[in-house]
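Note: the block below is upload09.txt and it holds compact mmCIF, C-alpha atoms.
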# COMPACT_ATOMS: atom_id res chain seq x y z
CA MET A 1 21.30 17.89 22.76
CA LYS A 2 20.30 16.78 19.29
CA LYS A 3 21.56 13.37 18.15
CA ARG A 4 23.08 12.81 14.75
CA VAL A 5 24.33 9.73 12.96
CA LEU A 6 28.11 9.90 12.80
CA ASN A 7 28.61 7.48 9.92
CA PRO A 8 25.45 7.00 7.80
CA GLU A 9 27.20 4.51 5.52
CA ARG A 10 27.68 2.19 8.49
CA LEU A 11 24.19 2.52 10.01
CA ARG A 12 23.48 -0.59 12.03
CA LYS A 13 20.73 -2.98 10.92
CA VAL A 14 19.37 -6.13 12.49
CA PRO A 15 21.46 -8.82 10.77
CA PRO A 16 19.81 -11.67 8.87
CA GLN A 17 20.99 -14.20 11.46
CA PHE A 18 18.81 -12.45 14.10
CA SER A 19 21.15 -11.48 16.92
CA TRP A 20 20.93 -8.50 19.25
CA ILE A 21 21.63 -7.24 22.76
CA ASP A 22 18.63 -6.04 24.78
CA HIS A 23 18.94 -2.44 26.00
CA ARG A 24 17.21 -3.40 29.27
CA LEU A 25 20.47 -5.01 30.37
CA VAL A 26 21.64 -1.46 31.06
CA GLN A 27 18.33 0.18 31.94
CA GLU A 28 17.48 -2.46 34.56
CA ASN A 29 21.04 -2.73 35.95
CA HIS A 30 21.57 -6.36 35.00
CA PHE A 31 25.31 -5.60 34.70
CA THR A 32 25.64 -5.54 38.48
CA ARG A 33 24.71 -9.23 38.71
CA CYS A 34 27.76 -10.78 37.04
CA ASP A 35 31.47 -10.20 36.58
CA HIS A 36 33.32 -9.31 33.37
CA SER A 37 34.01 -12.92 32.40
CA ALA A 38 30.32 -13.77 32.63
CA TRP A 39 29.44 -10.81 30.41
CA THR A 40 32.05 -11.92 27.91
CA LEU A 41 30.31 -15.30 27.73
CA TYR A 42 26.88 -13.64 27.51
CA LEU A 43 27.95 -11.36 24.66
CA PHE A 44 29.37 -14.31 22.75
CA LEU A 45 26.24 -16.42 23.29
CA ALA A 46 23.92 -13.54 22.31
CA SER A 47 26.01 -12.96 19.18
CA VAL A 48 25.87 -16.56 17.96
CA ALA A 49 22.35 -17.48 19.09
CA ASP A 50 19.58 -18.27 16.64
CA ALA A 51 16.12 -16.62 16.70
CA GLU A 52 15.18 -18.70 19.76
CA GLY A 53 18.35 -17.77 21.64
CA LEU A 54 19.90 -21.23 21.16
CA SER A 55 23.49 -22.15 20.46
CA TYR A 56 25.71 -25.14 21.11
CA TYR A 57 29.39 -24.43 21.43
CA SER A 58 31.53 -26.96 23.25
CA GLU A 59 33.42 -25.99 26.38
CA ALA A 60 36.69 -26.44 24.50
CA SER A 61 35.56 -24.08 21.74
CA LEU A 62 34.28 -21.47 24.19
CA MET A 63 37.49 -21.62 26.25
CA ARG A 64 39.59 -21.16 23.11
CA ARG A 65 37.46 -18.37 21.61
CA LEU A 66 37.03 -16.46 24.90
CA ASN A 67 40.52 -17.15 26.28
CA MET A 68 39.09 -18.72 29.46
CA ASP A 69 40.03 -21.79 31.41
CA LEU A 70 37.42 -24.31 32.55
CA VAL A 71 37.14 -22.84 36.06
CA VAL A 72 36.40 -19.33 34.72
CA LEU A 73 34.00 -20.64 32.06
CA SER A 74 32.09 -22.72 34.61
CA ALA A 75 31.89 -19.82 37.08
CA SER A 76 30.74 -17.45 34.33
CA ARG A 77 28.06 -19.85 33.16
CA ARG A 78 26.87 -20.35 36.75
CA GLN A 79 26.60 -16.57 37.30
CA LEU A 80 24.53 -16.12 34.15
CA ILE A 81 22.23 -18.99 35.11
CA GLN A 82 21.76 -17.62 38.63
CA ALA A 83 21.03 -14.17 37.21
CA GLY A 84 18.32 -15.72 35.01
CA LEU A 85 20.03 -14.65 31.80
CA ILE A 86 20.81 -18.04 30.24
CA ALA A 87 19.73 -21.65 30.50
CA TYR A 88 22.21 -24.47 29.99
CA GLU A 89 21.73 -28.14 29.36
CA LYS A 90 24.88 -29.61 27.86
CA PRO A 91 25.56 -28.99 25.00
CA PHE A 92 22.84 -26.34 24.57
CA TYR A 93 22.82 -22.76 25.75
CA GLN A 94 19.76 -20.54 25.56
CA VAL A 95 19.93 -16.78 25.98
CA LEU A 96 16.74 -16.05 27.89
CA SER A 97 14.25 -13.26 27.54
CA LEU A 98 14.53 -10.57 30.18
CA GLU A 99 10.80 -10.92 30.76
CA PRO A 100 10.01 -12.84 33.95
CA VAL A 101 8.13 -16.10 33.43
CA GLY A 102 4.41 -15.41 33.21
CA ALA A 103 4.86 -11.65 32.65
CA PRO A 104 2.28 -10.09 30.40
CA ARG A 105 3.50 -9.57 26.86
CA SER A 106 3.75 -6.07 25.49
CA GLY A 107 2.20 -5.33 22.14
CA PRO A 108 -0.43 -7.15 20.15
CA ILE A 109 -0.84 -10.91 20.24
CA SER A 110 -2.62 -13.15 17.77
CA VAL A 111 -6.12 -14.51 18.18
CA GLY A 112 -4.57 -17.99 18.16
CA GLU A 113 -2.34 -17.07 21.11
CA LEU A 114 -5.34 -15.69 23.01
CA LEU A 115 -7.24 -18.94 22.40
CA ARG A 116 -4.23 -21.05 23.48
CA GLN A 117 -4.00 -19.06 26.71
CA ALA A 118 -7.75 -19.40 27.30
CA VAL A 119 -7.66 -23.20 27.01
CA GLY A 120 -4.46 -23.63 28.98
CA GLY A 121 -2.10 -24.08 26.03
CA ARG A 122 -4.06 -26.94 24.44
CA LEU A 123 -5.02 -26.06 20.91
Please express the file's structure as structure tokens.
Amino acid sequence: MKKRVLNPERLRKVPPQFSWIDHRLVQENHFTRCDHSAWTLYLFLASVADAEGLSYYSEASLMRRLNMDLVVLSASRRQLIQAGLIAYEKPFYQVLSLEPVGAPRSGPISVGELLRQAVGGRL
């Protein structure tokens, strides 16, 4: 089947505030790790995160925006942490890369990064 853009005037672009959802969440079955409330929190955090995945919304603000009580918010956050999808240190959230720690990077890296790795991060 050949794909076609349904609405070319509304073609999606990476927004200037640098926010996206990684397609590997579906391809690698990450959705089986958490319930719907946790994914609601994840989608919100991924949507508001900066280029480093960081955001800092208060519990009160998250509960109001996501229509959750404290018990549901806490359980959702715990699920995402246990699944390795976010880090949390009050008041900061970080949406984490889906790459495991220490996994080789795909694509080219700079000479500076190669040198940093060679000397154990001290450059």
Do you know which residues lie at most 12 Å from (21.0, -17.2, 19.5), with coordinates as in the file and only C-alpha atoms counted, and could you write them as a tab-separated table (two decimals) with C-alpha atoms, keeping the file's coordinate frame?
chain	number	residue	atom	x	y	z
A	17	GLN	CA	20.99	-14.20	11.46
A	18	PHE	CA	18.81	-12.45	14.10
A	19	SER	CA	21.15	-11.48	16.92
A	20	TRP	CA	20.93	-8.50	19.25
A	21	ILE	CA	21.63	-7.24	22.76
A	42	TYR	CA	26.88	-13.64	27.51
A	43	LEU	CA	27.95	-11.36	24.66
A	44	PHE	CA	29.37	-14.31	22.75
A	45	LEU	CA	26.24	-16.42	23.29
A	46	ALA	CA	23.92	-13.54	22.31
A	47	SER	CA	26.01	-12.96	19.18
A	48	VAL	CA	25.87	-16.56	17.96
A	49	ALA	CA	22.35	-17.48	19.09
A	50	ASP	CA	19.58	-18.27	16.64
A	51	ALA	CA	16.12	-16.62	16.70
A	52	GLU	CA	15.18	-18.70	19.76
A	53	GLY	CA	18.35	-17.77	21.64
A	54	LEU	CA	19.90	-21.23	21.16
A	55	SER	CA	23.49	-22.15	20.46
A	56	TYR	CA	25.71	-25.14	21.11
A	57	TYR	CA	29.39	-24.43	21.43
A	86	ILE	CA	20.81	-18.04	30.24
A	87	ALA	CA	19.73	-21.65	30.50
A	92	PHE	CA	22.84	-26.34	24.57
A	93	TYR	CA	22.82	-22.76	25.75
A	94	GLN	CA	19.76	-20.54	25.56
A	95	VAL	CA	19.93	-16.78	25.98
A	96	LEU	CA	16.74	-16.05	27.89
A	97	SER	CA	14.25	-13.26	27.54
Note to self: Measuring between all atoms listed in the file, which one of A:Thr40, A:Asn7, A:Asn29, A:Ser58 shows the shortest distance to A:Lys90?
What the structure shows: A:Ser58
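Residues in contact with A:Asp35 at up to 10 Å, not including ones fewer than 5 positions away on its chain and judged by all atoms listed in the file, are A:Thr40, A:Ala75, A:Ser76, A:Gln79, A:Leu80.
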Once you have the residues from the selection above, write them out as an mmCIF file, in the frame of the given file, restricted to C-alpha atoms.
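And here is the file that came out, result_39.cif:
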data_model
loop_
_atom_site.group_PDB
_atom_site.id
_atom_site.type_symbol
_atom_site.label_atom_id
_atom_site.label_comp_id
_atom_site.auth_asym_id
_atom_site.auth_seq_id
_atom_site.Cartn_x
_atom_site.Cartn_y
_atom_site.Cartn_z
ATOM 1 C CA THR A 40 32.050 -11.920 27.910
ATOM 2 C CA ALA A 75 31.890 -19.820 37.080
ATOM 3 C CA SER A 76 30.740 -17.450 34.330
ATOM 4 C CA GLN A 79 26.600 -16.570 37.300
ATOM 5 C CA LEU A 80 24.530 -16.120 34.150
#
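Between A:Leu66 and the residues A:Leu41, A:Met1, A:Leu85, A:Leu6, the shortest atom-to-atom distance, using only C-alpha atoms, involves A:Leu41.
The space separating atom CA of A:Val72 from atom CA of A:Leu25 comes to 21.9 Å.
Atom CA of A:Arg78 is positioned 8.5 Å from atom CA of A:Ala38.
Remark: for A:His36, the closest of the candidate residues A:Lys13, A:Arg77, A:Arg4, A:Arg65 is A:Arg77 (distances computed over all atoms listed in the file).
Across the model, the gap from atom CA of A:Tyr88 to atom CA of A:Leu73 is 12.6 Å.
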Checklist line | Pick from A:Asp69, A:Glu9, A:Glu28, A:Glu59, whichever lies nearest to A:Leu98 using all atoms listed in the file | finding: A:Glu28
